[in-house]
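Colleague: My structure is in target22.cif, and what it holds is mmCIF, C-alpha atoms:
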```
data_coords
#
loop_
_atom_site.label_atom_id
_atom_site.label_comp_id
_atom_site.auth_asym_id
_atom_site.auth_seq_id
_atom_site.Cartn_x
_atom_site.Cartn_y
_atom_site.Cartn_z
CA MET A 112 -14.94 3.22 -3.20
CA SER A 113 -13.04 6.42 -3.93
CA ILE A 114 -10.42 8.15 -1.85
CA ASN A 115 -9.44 11.78 -2.25
CA CYS A 116 -5.67 11.99 -2.67
CA ARG A 117 -4.96 15.30 -0.96
CA THR A 118 -1.18 15.12 -1.19
CA ALA A 119 -0.79 14.73 -4.94
CA ALA A 120 2.43 16.71 -5.42
CA ASN A 121 4.28 13.47 -6.12
CA PRO A 122 4.54 12.95 -9.92
CA LEU A 123 3.65 9.30 -9.34
CA TYR A 124 -0.02 10.25 -9.22
CA GLN A 125 0.06 11.44 -12.82
CA ILE A 126 2.27 8.53 -13.90
CA ILE A 127 -0.31 6.08 -12.58
CA ALA A 128 -3.14 8.03 -14.19
CA ASP A 129 -1.36 7.98 -17.55
CA TYR A 130 -0.83 4.24 -17.23
CA ILE A 131 -4.53 3.77 -16.51
CA ASP A 132 -5.36 5.81 -19.64
CA THR A 133 -3.43 3.36 -21.82
CA SER A 134 -5.04 0.26 -20.31
CA ASP A 135 -8.11 -1.62 -21.43
CA GLN A 136 -11.34 -0.12 -20.06
CA ARG A 137 -9.23 2.60 -18.33
CA ARG A 138 -8.61 0.47 -15.28
CA ILE A 139 -5.72 -1.58 -13.92
CA THR A 140 -5.58 -4.44 -11.43
CA PHE A 141 -4.66 -3.59 -7.89
CA ALA A 142 -1.50 -5.65 -8.43
CA GLU A 143 -0.45 -3.27 -11.23
CA TYR A 144 -1.23 -0.27 -9.05
CA MET A 145 0.73 -1.69 -6.10
CA ASP A 146 3.68 -2.48 -8.36
CA LEU A 147 3.87 1.14 -9.56
CA VAL A 148 3.45 2.57 -6.07
CA LEU A 149 6.21 0.46 -4.56
CA TYR A 150 8.61 -0.24 -7.43
CA HIS A 151 8.52 2.65 -9.91
CA SER A 152 12.20 3.21 -10.68
CA GLU A 153 12.22 6.85 -9.58
CA TYR A 154 9.16 7.64 -7.49
CA GLY A 155 8.18 4.26 -6.04
CA TYR A 156 8.43 3.78 -2.29
CA TYR A 157 11.39 1.40 -2.40
CA SER A 158 13.34 3.81 -4.59
CA SER A 159 12.51 7.17 -3.07
CA HIS A 160 12.54 6.02 0.58
CA SER A 161 15.32 3.44 0.48
CA GLY A 162 17.38 5.05 3.23
CA GLN A 163 14.54 4.74 5.75
CA ILE A 164 13.61 1.13 5.10
CA GLY A 165 13.90 -1.21 8.05
CA PHE A 166 15.15 1.30 10.62
CA ALA A 167 13.55 2.89 13.66
CA GLY A 168 13.61 6.33 12.03
CA GLY A 169 11.68 5.12 8.99
CA ASP A 170 8.19 3.75 8.54
CA PHE A 171 8.88 0.33 10.08
CA PHE A 172 11.77 -1.70 11.46
CA THR A 173 12.93 -5.22 10.69
CA SER A 174 14.75 -7.90 12.67
CA PRO A 175 18.26 -7.02 11.39
CA SER A 176 17.84 -3.42 12.61
CA LEU A 177 17.67 -4.64 16.24
CA GLY A 178 21.32 -5.69 16.32
CA ASP A 179 23.60 -8.34 14.86
CA ASP A 180 21.91 -11.30 16.57
CA PHE A 181 19.35 -12.05 13.88
CA GLY A 182 21.94 -12.26 11.12
CA GLU A 183 24.40 -14.18 13.27
CA LEU A 184 21.84 -16.82 14.21
CA LEU A 185 20.76 -17.15 10.61
CA ALA A 186 24.43 -17.67 9.73
CA LYS A 187 24.54 -20.59 12.17
CA GLN A 188 21.60 -22.16 10.37
CA PHE A 189 23.30 -21.69 7.00
CA LEU A 190 26.42 -23.36 8.40
CA GLN A 191 24.40 -26.41 9.37
CA MET A 192 22.75 -26.51 5.95
CA TRP A 193 26.22 -26.57 4.38
CA GLU A 194 27.22 -29.44 6.65
CA ASN A 195 24.01 -31.34 5.91
CA LEU A 196 24.78 -31.06 2.19
CA ASP A 197 28.25 -32.58 2.77
CA GLN A 198 30.03 -29.23 2.53
CA PRO A 199 29.72 -28.44 -1.19
CA ARG A 200 32.21 -26.01 -2.73
CA PRO A 201 31.03 -23.41 -3.47
CA PHE A 202 27.95 -22.90 -1.31
CA HIS A 203 25.63 -20.36 -2.93
CA LEU A 204 23.92 -18.09 -0.42
CA VAL A 205 21.31 -16.11 -2.33
CA GLU A 206 19.58 -13.29 -0.47
CA MET A 207 16.45 -12.13 -2.25
CA GLY A 208 15.55 -8.54 -1.41
CA GLY A 209 18.67 -7.37 0.41
CA GLY A 210 17.20 -4.20 1.92
CA THR A 211 19.99 -1.86 2.90
CA GLY A 212 22.56 -4.66 3.13
CA VAL A 213 22.52 -4.85 6.93
CA LEU A 214 21.54 -8.52 7.08
CA ALA A 215 24.22 -9.53 4.55
CA PHE A 216 26.81 -7.59 6.53
CA GLN A 217 25.81 -9.36 9.76
CA ILE A 218 25.97 -12.81 8.17
CA LEU A 219 29.28 -12.34 6.35
CA LYS A 220 31.03 -10.61 9.25
CA PHE A 221 30.02 -13.38 11.69
CA LEU A 222 31.10 -16.19 9.38
CA LYS A 223 34.40 -14.51 8.58
CA ASN A 224 35.21 -14.11 12.28
CA HIS A 225 33.88 -17.44 13.57
CA HIS A 226 33.73 -19.90 10.67
CA PRO A 227 36.39 -18.85 8.14
CA ASP A 228 36.39 -22.26 6.42
CA PHE A 229 32.72 -21.81 5.52
CA TRP A 230 33.09 -18.10 4.75
CA GLU A 231 35.85 -18.75 2.24
CA ILE A 232 33.75 -21.02 0.03
CA ILE A 233 30.52 -18.96 0.11
CA GLU A 234 29.36 -17.29 -3.07
CA TYR A 235 27.04 -14.59 -1.71
CA ILE A 236 24.51 -13.28 -4.22
CA ILE A 237 21.96 -10.51 -3.68
CA ILE A 238 18.83 -10.18 -5.81
CA GLU A 239 17.69 -6.56 -5.63
CA LYS A 240 15.15 -4.73 -7.77
CA SER A 241 15.68 -1.19 -6.46
CA PRO A 242 18.71 0.64 -7.94
CA LYS A 243 19.00 2.85 -4.85
CA LEU A 244 18.90 -0.07 -2.43
CA LYS A 245 21.46 -1.88 -4.57
CA TRP A 246 23.76 1.14 -4.30
CA GLU A 247 23.34 1.21 -0.50
CA GLN A 248 24.13 -2.48 -0.31
CA GLN A 249 27.28 -2.01 -2.35
CA GLN A 250 28.48 0.79 -0.07
CA ARG A 251 27.82 -1.18 3.12
CA LEU A 252 29.33 -4.43 1.82
CA GLU A 253 32.48 -2.94 0.34
CA GLY A 254 35.32 -5.31 1.16
CA PHE A 255 33.15 -8.44 0.99
CA SER A 256 32.89 -10.64 -2.09
CA VAL A 257 29.27 -10.22 -3.16
CA GLN A 258 27.55 -10.52 -6.55
CA TRP A 259 24.41 -8.65 -7.58
CA LEU A 260 22.19 -10.44 -10.07
CA ASP A 261 18.62 -10.37 -11.31
CA LEU A 262 16.82 -13.63 -10.64
CA PRO A 263 16.36 -14.43 -14.37
CA GLU A 264 20.13 -14.16 -14.83
CA ILE A 265 20.72 -17.28 -12.72
CA LEU A 266 20.91 -20.35 -14.91
CA PRO A 267 18.48 -23.20 -14.25
CA GLY A 268 19.85 -25.81 -11.87
CA SER A 269 23.06 -23.86 -11.26
CA MET A 270 22.76 -23.14 -7.54
CA VAL A 271 23.80 -25.42 -4.68
CA GLY A 272 23.11 -23.83 -1.32
CA CYS A 273 20.26 -21.73 0.05
CA PHE A 274 17.92 -19.09 -1.33
CA PHE A 275 16.60 -17.00 1.56
CA SER A 276 14.48 -13.93 2.19
CA ASN A 277 13.36 -11.87 5.16
CA GLU A 278 10.19 -9.80 4.75
CA LEU A 279 10.23 -9.98 0.96
CA VAL A 280 7.10 -11.81 -0.13
CA ASP A 281 4.81 -9.51 1.89
CA ALA A 282 5.77 -6.66 -0.46
CA PHE A 283 4.90 -8.49 -3.69
CA PRO A 284 2.02 -6.85 -5.60
CA VAL A 285 -1.24 -8.66 -4.96
CA HIS A 286 -4.57 -8.97 -6.72
CA GLN A 287 -7.59 -8.06 -4.64
CA PHE A 288 -10.90 -9.85 -4.97
CA ILE A 289 -14.38 -9.36 -3.59
CA LEU A 290 -17.41 -11.62 -3.34
CA GLU A 291 -20.60 -10.33 -4.92
CA LYS A 292 -23.61 -12.61 -4.70
CA GLY A 293 -21.27 -15.50 -3.99
CA LYS A 294 -19.27 -14.85 -7.16
CA LEU A 295 -15.55 -14.12 -7.34
CA GLN A 296 -14.92 -10.63 -8.70
CA GLU A 297 -11.73 -8.59 -8.95
CA ILE A 298 -11.05 -5.09 -7.65
CA TYR A 299 -9.56 -2.69 -10.20
CA VAL A 300 -8.20 0.84 -9.87
CA THR A 301 -9.20 3.80 -12.03
CA TYR A 302 -9.24 7.55 -11.39
CA ARG A 303 -11.21 10.75 -11.71
CA ALA A 304 -9.34 13.62 -13.40
CA SER A 305 -9.93 16.11 -10.62
CA ASN A 306 -7.39 18.31 -8.91
CA PRO A 307 -5.95 16.55 -7.03
CA ILE A 308 -6.31 13.22 -8.83
CA GLU A 309 -8.83 10.92 -7.19
CA PHE A 310 -8.21 7.18 -7.44
CA MET A 311 -11.25 4.94 -7.42
CA GLU A 312 -11.95 1.24 -7.07
CA VAL A 313 -14.21 -0.53 -9.54
CA VAL A 314 -15.28 -4.17 -9.58
CA GLY A 315 -15.25 -6.48 -12.57
CA GLU A 316 -14.69 -10.01 -13.81
CA PRO A 317 -11.33 -11.54 -12.78
CA SER A 318 -8.45 -10.52 -15.01
CA THR A 319 -7.14 -14.09 -15.08
CA PRO A 320 -8.43 -17.59 -14.24
CA LYS A 321 -5.33 -17.96 -12.06
CA LEU A 322 -7.22 -16.25 -9.21
CA ALA A 323 -9.72 -19.10 -8.95
CA GLU A 324 -6.94 -21.64 -9.51
CA TYR A 325 -5.01 -20.16 -6.59
CA LEU A 326 -7.93 -20.66 -4.24
CA GLN A 327 -8.17 -24.27 -5.43
CA LEU A 328 -4.43 -24.67 -4.75
CA VAL A 329 -4.90 -23.71 -1.10
CA GLU A 330 -8.22 -25.62 -0.86
CA ILE A 331 -10.39 -22.61 -0.05
CA ASP A 332 -13.99 -22.72 -1.24
CA ILE A 333 -15.35 -19.18 -1.07
CA SER A 334 -18.74 -20.28 -2.37
CA GLN A 335 -19.60 -21.54 1.10
CA ASN A 336 -22.37 -19.72 2.91
CA ALA A 337 -19.91 -18.90 5.68
CA TYR A 338 -18.38 -16.17 3.53
CA PRO A 339 -20.33 -12.90 3.80
CA GLU A 340 -21.37 -10.66 0.95
CA ASN A 341 -18.58 -8.20 -0.03
CA TYR A 342 -15.94 -10.39 1.57
CA ARG A 343 -12.61 -9.18 0.20
CA SER A 344 -9.05 -10.39 0.39
CA GLU A 345 -5.85 -10.75 -1.62
CA ILE A 346 -4.22 -13.30 -3.89
CA ASN A 347 -0.45 -13.23 -4.32
CA LEU A 348 0.18 -14.67 -7.77
CA ALA A 349 3.61 -13.01 -7.84
CA ALA A 350 4.71 -15.23 -4.95
CA LEU A 351 4.01 -18.34 -7.01
CA ASP A 352 5.89 -16.98 -10.02
CA TRP A 353 8.83 -16.08 -7.79
CA LEU A 354 8.92 -19.51 -6.16
CA SER A 355 8.80 -21.21 -9.56
CA ILE A 356 11.93 -19.34 -10.67
CA VAL A 357 13.75 -20.01 -7.39
CA ALA A 358 12.97 -23.73 -7.54
CA ASN A 359 14.15 -23.86 -11.15
CA CYS A 360 17.46 -22.20 -10.26
CA LEU A 361 18.16 -24.48 -7.30
CA GLN A 362 19.92 -27.72 -8.10
CA ARG A 363 20.39 -28.86 -4.52
CA GLY A 364 19.77 -27.19 -1.19
CA TYR A 365 17.19 -25.15 0.65
CA VAL A 366 14.74 -22.27 0.34
CA LEU A 367 14.20 -20.33 3.59
CA THR A 368 11.38 -17.78 3.78
CA ILE A 369 10.80 -15.56 6.81
CA ASP A 370 7.76 -13.29 6.83
CA TYR A 371 4.52 -12.51 8.59
CA GLY A 372 1.64 -14.62 7.43
CA TYR A 373 -0.83 -17.41 8.05
CA PRO A 374 -1.80 -20.80 6.70
CA ALA A 375 -4.65 -20.51 4.19
CA THR A 376 -7.37 -21.53 6.66
CA ARG A 377 -6.52 -18.51 8.81
CA TYR A 378 -5.70 -16.18 5.94
CA TYR A 379 -9.06 -16.73 4.26
CA HIS A 380 -11.12 -17.16 7.42
CA PRO A 381 -14.67 -15.86 6.87
CA ARG A 382 -14.27 -13.44 9.77
CA ARG A 383 -11.21 -11.81 8.17
CA SER A 384 -13.56 -10.16 5.73
CA GLN A 385 -11.37 -7.20 4.73
CA GLY A 386 -8.17 -9.07 3.95
CA THR A 387 -4.74 -8.35 5.39
CA LEU A 388 -3.50 -5.34 3.42
CA GLN A 389 -1.76 -2.73 5.57
CA CYS A 390 0.01 0.55 4.88
CA TYR A 391 2.89 1.80 7.03
CA TYR A 392 3.89 5.42 7.49
CA GLN A 393 6.15 6.59 10.32
CA HIS A 394 5.47 3.45 12.41
CA ARG A 395 1.72 3.81 12.13
CA TYR A 396 -0.42 1.57 10.02
CA HIS A 397 -3.78 1.95 8.31
CA HIS A 398 -5.65 0.35 5.42
CA ASN A 399 -5.80 3.10 2.78
CA PRO A 400 -3.37 2.46 -0.11
CA TYR A 401 -4.55 5.52 -2.06
CA ILE A 402 -3.00 8.23 0.09
CA LYS A 403 0.67 9.20 0.38
CA VAL A 404 1.26 7.41 -2.90
CA GLY A 405 4.93 6.44 -3.13
CA GLU A 406 5.52 7.72 0.41
CA GLN A 407 4.19 4.78 2.43
CA ASP A 408 4.84 1.06 2.43
CA ILE A 409 2.04 -1.29 1.36
CA THR A 410 2.17 -4.92 2.47
CA THR A 411 -0.02 -7.98 2.91
CA TYR A 412 0.41 -11.06 5.03
CA ILE A 413 1.62 -14.07 3.08
CA ASP A 414 -0.13 -17.38 2.61
CA PHE A 415 2.32 -20.07 3.73
CA THR A 416 0.01 -22.84 2.50
CA ALA A 417 0.30 -21.48 -1.03
CA LEU A 418 4.11 -21.46 -0.84
CA GLU A 419 4.21 -25.01 0.49
CA ASN A 420 1.66 -26.46 -1.95
CA TRP A 421 3.05 -24.64 -4.97
CA GLY A 422 6.57 -25.57 -3.91
CA LYS A 423 5.65 -29.26 -4.10
CA ARG A 424 4.56 -28.75 -7.71
CA CYS A 425 7.95 -27.14 -8.38
CA GLY A 426 9.96 -29.95 -6.85
CA LEU A 427 10.44 -28.40 -3.42
CA ASN A 428 9.91 -30.66 -0.43
CA PRO A 429 8.62 -29.15 2.83
CA VAL A 430 11.22 -29.38 5.59
CA GLY A 431 9.48 -27.46 8.36
CA TRP A 432 7.50 -24.44 9.42
CA THR A 433 7.87 -22.69 12.73
CA GLN A 434 7.61 -19.27 14.32
CA GLN A 435 10.54 -16.88 14.36
CA GLY A 436 10.67 -16.79 18.15
CA LEU A 437 11.01 -20.57 18.38
CA PHE A 438 13.42 -20.63 15.44
CA LEU A 439 15.81 -18.11 17.03
CA MET A 440 15.58 -19.67 20.48
CA ALA A 441 16.52 -23.05 19.03
CA LEU A 442 19.55 -21.43 17.39
CA GLY A 443 20.76 -19.98 20.70
CA LEU A 444 19.02 -16.67 21.31
CA GLY A 445 18.03 -17.80 24.81
CA ASP A 446 21.70 -18.29 25.68
CA ARG A 447 22.43 -14.76 24.50
CA ILE A 448 19.68 -13.37 26.71
CA SER A 449 20.97 -15.32 29.72
CA ALA A 450 24.54 -14.14 29.11
CA LEU A 451 23.48 -10.52 29.60
CA SER A 452 23.37 -11.14 33.36
CA TYR A 453 27.13 -11.72 33.39
CA GLN A 454 28.23 -8.87 31.16
CA GLN A 455 29.94 -5.82 32.63
CA HIS A 456 28.32 -2.99 30.71
CA PRO A 457 26.33 0.09 31.75
CA LEU A 458 22.84 -0.86 32.91
CA SER A 459 21.18 1.31 30.26
CA GLN A 460 23.12 -0.49 27.54
CA LEU A 461 22.23 -3.93 28.90
CA LEU A 462 18.54 -3.03 29.16
CA LYS A 463 18.52 -1.73 25.60
CA ARG A 464 20.11 -4.91 24.32
CA ARG A 465 17.74 -7.10 26.34
CA GLU A 466 14.78 -5.22 24.90
CA ALA A 467 16.08 -5.72 21.36
CA LEU A 468 16.54 -9.46 21.89
CA HIS A 469 13.08 -9.82 23.36
CA GLN A 470 11.57 -7.98 20.39
CA LEU A 471 12.98 -10.65 18.10
CA ILE A 472 10.94 -13.33 19.88
CA SER A 473 7.91 -11.36 21.04
CA PRO A 474 4.72 -13.32 20.20
CA GLU A 475 2.95 -9.99 19.63
CA GLY A 476 5.45 -8.94 16.97
CA LEU A 477 8.49 -10.31 15.17
CA GLY A 478 8.49 -13.55 17.14
CA ASN A 479 5.19 -14.51 15.54
CA PHE A 480 6.61 -14.33 12.02
CA GLY A 481 6.57 -17.60 10.11
CA VAL A 482 9.74 -19.41 9.02
CA LEU A 483 9.32 -21.87 6.17
CA VAL A 484 12.09 -24.14 4.87
CA GLN A 485 11.82 -26.22 1.71
CA SER A 486 14.46 -28.40 0.08
CA LYS A 487 15.38 -29.83 -3.31
CA GLY A 488 17.75 -32.49 -4.53
CA LEU A 489 18.73 -33.88 -1.14
CA THR A 490 19.64 -37.54 -0.76
CA THR A 491 17.52 -39.68 1.53
CA THR A 492 20.18 -39.43 4.23
CA GLN A 493 20.52 -35.66 3.87
CA SER A 494 16.75 -35.11 4.00
CA GLN A 495 16.62 -36.97 7.31
CA LEU A 496 19.16 -34.69 8.96
CA PRO A 497 17.36 -32.15 11.20
CA LEU A 498 17.88 -28.40 11.08
CA GLN A 499 18.59 -26.82 14.44
CA GLY A 500 16.14 -23.99 14.01
CA PHE A 501 13.29 -26.46 13.55
CA ILE A 502 13.74 -28.50 16.70
CA THR A 503 10.32 -27.15 17.74
CA PRO A 504 8.22 -27.22 14.55
CA VAL A 505 4.73 -25.74 14.39
CA VAL A 506 1.90 -27.50 12.57
CA PHE A 507 -0.27 -25.36 10.28
#
```
Could you show the structure in this file as structure tokens?
Modeller:
Amino acid sequence: MSINCRTAANPLYQIIADYIDTSDQRRITFAEYMDLVLYHSEYGYYSSHSGQIGFAGGDFFTSPSLGDDFGELLAKQFLQMWENLDQPRPFHLVEMGGGTGVLAFQILKFLKNHHPDFWEIIEYIIIEKSPKLKWEQQQRLEGFSVQWLDLPEILPGSMVGCFFSNELVDAFPVHQFILEKGKLQEIYVTYRASNPIEFMEVVGEPSTPKLAEYLQLVEIDISQNAYPENYRSEINLAALDWLSIVANCLQRGYVLTIDYGYPATRYYHPRRSQGTLQCYYQHRYHHNPYIKVGEQDITTYIDFTALENWGKRCGLNPVGWTQQGLFLMALGLGDRISALSYQQHPLSQLLKRREALHQLISPEGLGNFGVLVQSKGLTTTQSQLPLQGFITPVVF
């Protein structure tokens, strides 16, 4: 497949082409392509469009952009985690992929105002790859005690608390595969030196045996006759590498992952024959990652089965999995919706707030996101203590 890149003014086109020229067989994996498109230090999407990320005026919005409720309810869950761990001092709260800093601001402001004893012993750490997003976070969080680190800078077994992320793993670069005559093949990216540059997909042997090993990890057998010819999907090896590092850094506590995704049986269902990759541009989505290079977001759904199964190999015990709507309702979002009826504010303001709260739990949108919690190093008693957000767990 080839796609004519008509808007090739962005220097990233030539940067990618030059990188392809230096690679073996003049082709790169889709994961390498996606990494350049999203994370190039100057022209990648998360660098050049950082100010638009997560807000209504950008290409998509996230839960924190709908008001303070999401962060405040998360803060309540972190408070309970601290209590379940017998109130360690300090409690490390590690946000991975801090966006524009809005979520951190919501969490820290709420805890400072409502739970100062907990707020005072928190060591808040943000892991951020984008220099521009890091700068925005620092501006927004001025006045709060926050550290910025790279994940490899955290010493093994040094963290007691919670590593958490919201819509992070979906943006990790993924490998793409395709079935040809029942055989696993990988999709690579090359280009034609036309004007403008034309990126092209080519198919070849897998770049690593880890692709087949991943499918074994999630117990998916793509050799079954149920899978059609040219079935294609994604494999997120980066998510496993990331989880390995997180588990190694955590001495005792939790890992909380919020994102859109499926268990493996749904992710790799034979009828989902074109995978889950989506591109977002000005609140519209499509499936062509070779246009608007560096100007649009590229994401895939995440495989929660892979995170849970790989986590077990890394010493992480599954605590629970639920949907965001149920998670937030269990933490008190329903009470906040009910309280709107008694508030003396202009009707337009109340309706706007009600709409925002309902978007957080909508089963057609954010409410259908998955929330996965894993733990490490808990005593038997601590592991038996429930988490409020998982009063209504969902079975894969």
Colleague: Run the PyMOL selection byres ((chain A and resi 477) around 12) on the file and write out the hits as a ChimeraX atom specification.
Modeller: /A:171-177,181,277-278,369-372,434-439,467-476,478-482
Colleague: Would you kindly return, as a list in words, each protein, DNA or RNA residue with an atom no farther than 8 Å from any atom of Val271 (chain A), considering all atoms listed in the file and excluding same-chain residues fewer than 4 positions away?
Modeller: Pro199, Pro201, Phe202, His203, Leu361, Gln362, Arg363 and Gly364 of chain A
Colleague: So that I can see what lies close to Tyr378 (chain A), please list as a list in words the residues with an atom at most 9 Å from it, counting only C-alpha atoms and leaving out residues fewer than 3 positions away in the same chain.
Modeller: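 Answer for this query is Ser344, Gly372, Tyr373, Pro374, Ala375, Arg383, Gly386, Thr387, Tyr412, Ile413 and Asp414 of chain A.
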Colleague: Given the selection you just returned, output its residues as a file containing C-alpha atoms, formatted as a PDB file, keeping the file's coordinate frame.
Modeller:
```pdb
ATOM      1  CA  SER A 344      -9.050 -10.390   0.390  1.00  0.00           C
ATOM      2  CA  GLY A 372       1.640 -14.620   7.430  1.00  0.00           C
ATOM      3  CA  TYR A 373      -0.830 -17.410   8.050  1.00  0.00           C
ATOM      4  CA  PRO A 374      -1.800 -20.800   6.700  1.00  0.00           C
ATOM      5  CA  ALA A 375      -4.650 -20.510   4.190  1.00  0.00           C
ATOM      6  CA  ARG A 383     -11.210 -11.810   8.170  1.00  0.00           C
ATOM      7  CA  GLY A 386      -8.170  -9.070   3.950  1.00  0.00           C
ATOM      8  CA  THR A 387      -4.740  -8.350   5.390  1.00  0.00           C
ATOM      9  CA  TYR A 412       0.410 -11.060   5.030  1.00  0.00           C
ATOM     10  CA  ILE A 413       1.620 -14.070   3.080  1.00  0.00           C
ATOM     11  CA  ASP A 414      -0.130 -17.380   2.610  1.00  0.00           C
TER      12      ASP A 414
END
```
Colleague: From the options A:Ile139, A:Ile233, A:Leu489, A:Leu214, which residue's atoms come nearest to Gly315 (chain A), counting all atoms listed in the file?
Modeller: A:Ile139
Colleague: Nearest to Pro122 (chain A) among A:Val404, A:Val484, A:Leu328, A:Ala323, with distances taken over all atoms listed in the file: which residue is it?
Modeller: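 Nearest candidate to Pro122 (chain A) out of A:Val404, A:Val484, A:Leu328, A:Ala323: A:Val404.
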Colleague: I'd like the contact shell of region 416-432 of chain A - 9 Å cut-off, all atoms listed in the file, skipping same-chain residues fewer than 2 positions apart - returned as number ranges by chain.
Modeller: A: 325-326, 328-329, 347, 350-351, 354-355, 358-359, 365-366, 373-376, 413-414, 434, 481-488, 494, 497-498, 501, 504-507
Colleague: Could you tell me how far CA of Glu466 (chain A) lies from CA of Lys223 (chain A), in Å and to one decimal?
Modeller: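 Rounded to one decimal, the two atoms are 27.2 Å apart.
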Colleague: Please report the interatomic distance between CA of Val205 (chain A) and CA of Leu149 (chain A) in Å with one decimal.
Modeller: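 Between CA of Val205 (chain A) and CA of Leu149 (chain A) the gap works out to 22.5 Å.
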Colleague: Find, counting all atoms listed in the file, the residue in A:Gln454, A:Gln217, A:Ser269, A:Gln493 that gets nearest to Trp193 (chain A).
Modeller: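 Result for the nearest residue to Trp193 (chain A): A:Gln493.
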Colleague: Mind telling me what the PyMOL selection byres ((chain A and resi 239) around 9) catches here, as a ChimeraX atom specification?
Modeller: /A:206-210,237-238,240-242,244-245,259-262
Colleague: Report the residues retrieved by the PyMOL selection byres ((chain A and resi 186) around 8) from the displayed file, expressed as a list of chain:residue names.
Modeller: A:Gly182, A:Glu183, A:Leu184, A:Leu185, A:Lys187, A:Gln188, A:Phe189, A:Leu190, A:Ile218, A:Leu219, A:Phe221, A:Leu222
Colleague: Save out the residues we just selected, C-alpha atoms, as a compact mmCIF listing (two decimals), keeping the file's coordinate frame.
Modeller:
```
# COMPACT_ATOMS: atom_id res chain seq x y z
CA GLY A 182 21.94 -12.26 11.12
CA GLU A 183 24.40 -14.18 13.27
CA LEU A 184 21.84 -16.82 14.21
CA LEU A 185 20.76 -17.15 10.61
CA LYS A 187 24.54 -20.59 12.17
CA GLN A 188 21.60 -22.16 10.37
CA PHE A 189 23.30 -21.69 7.00
CA LEU A 190 26.42 -23.36 8.40
CA ILE A 218 25.97 -12.81 8.17
CA LEU A 219 29.28 -12.34 6.35
CA PHE A 221 30.02 -13.38 11.69
CA LEU A 222 31.10 -16.19 9.38
```
Colleague: Would you mind telling me which residue in A:Gly500, A:Gly268, A:Gly443, A:Gly178 lies nearest to Cys360 (chain A) when using all atoms listed in the file?
Modeller: A:Gly268
Colleague: Under the rule that only C-alpha atoms are counted, which of A:Gln499, A:Thr490, A:Gly445, A:Tyr379 is the nearest residue to Glu330 (chain A)?
Modeller: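 The closest residue to Glu330 (chain A) is A:Tyr379.
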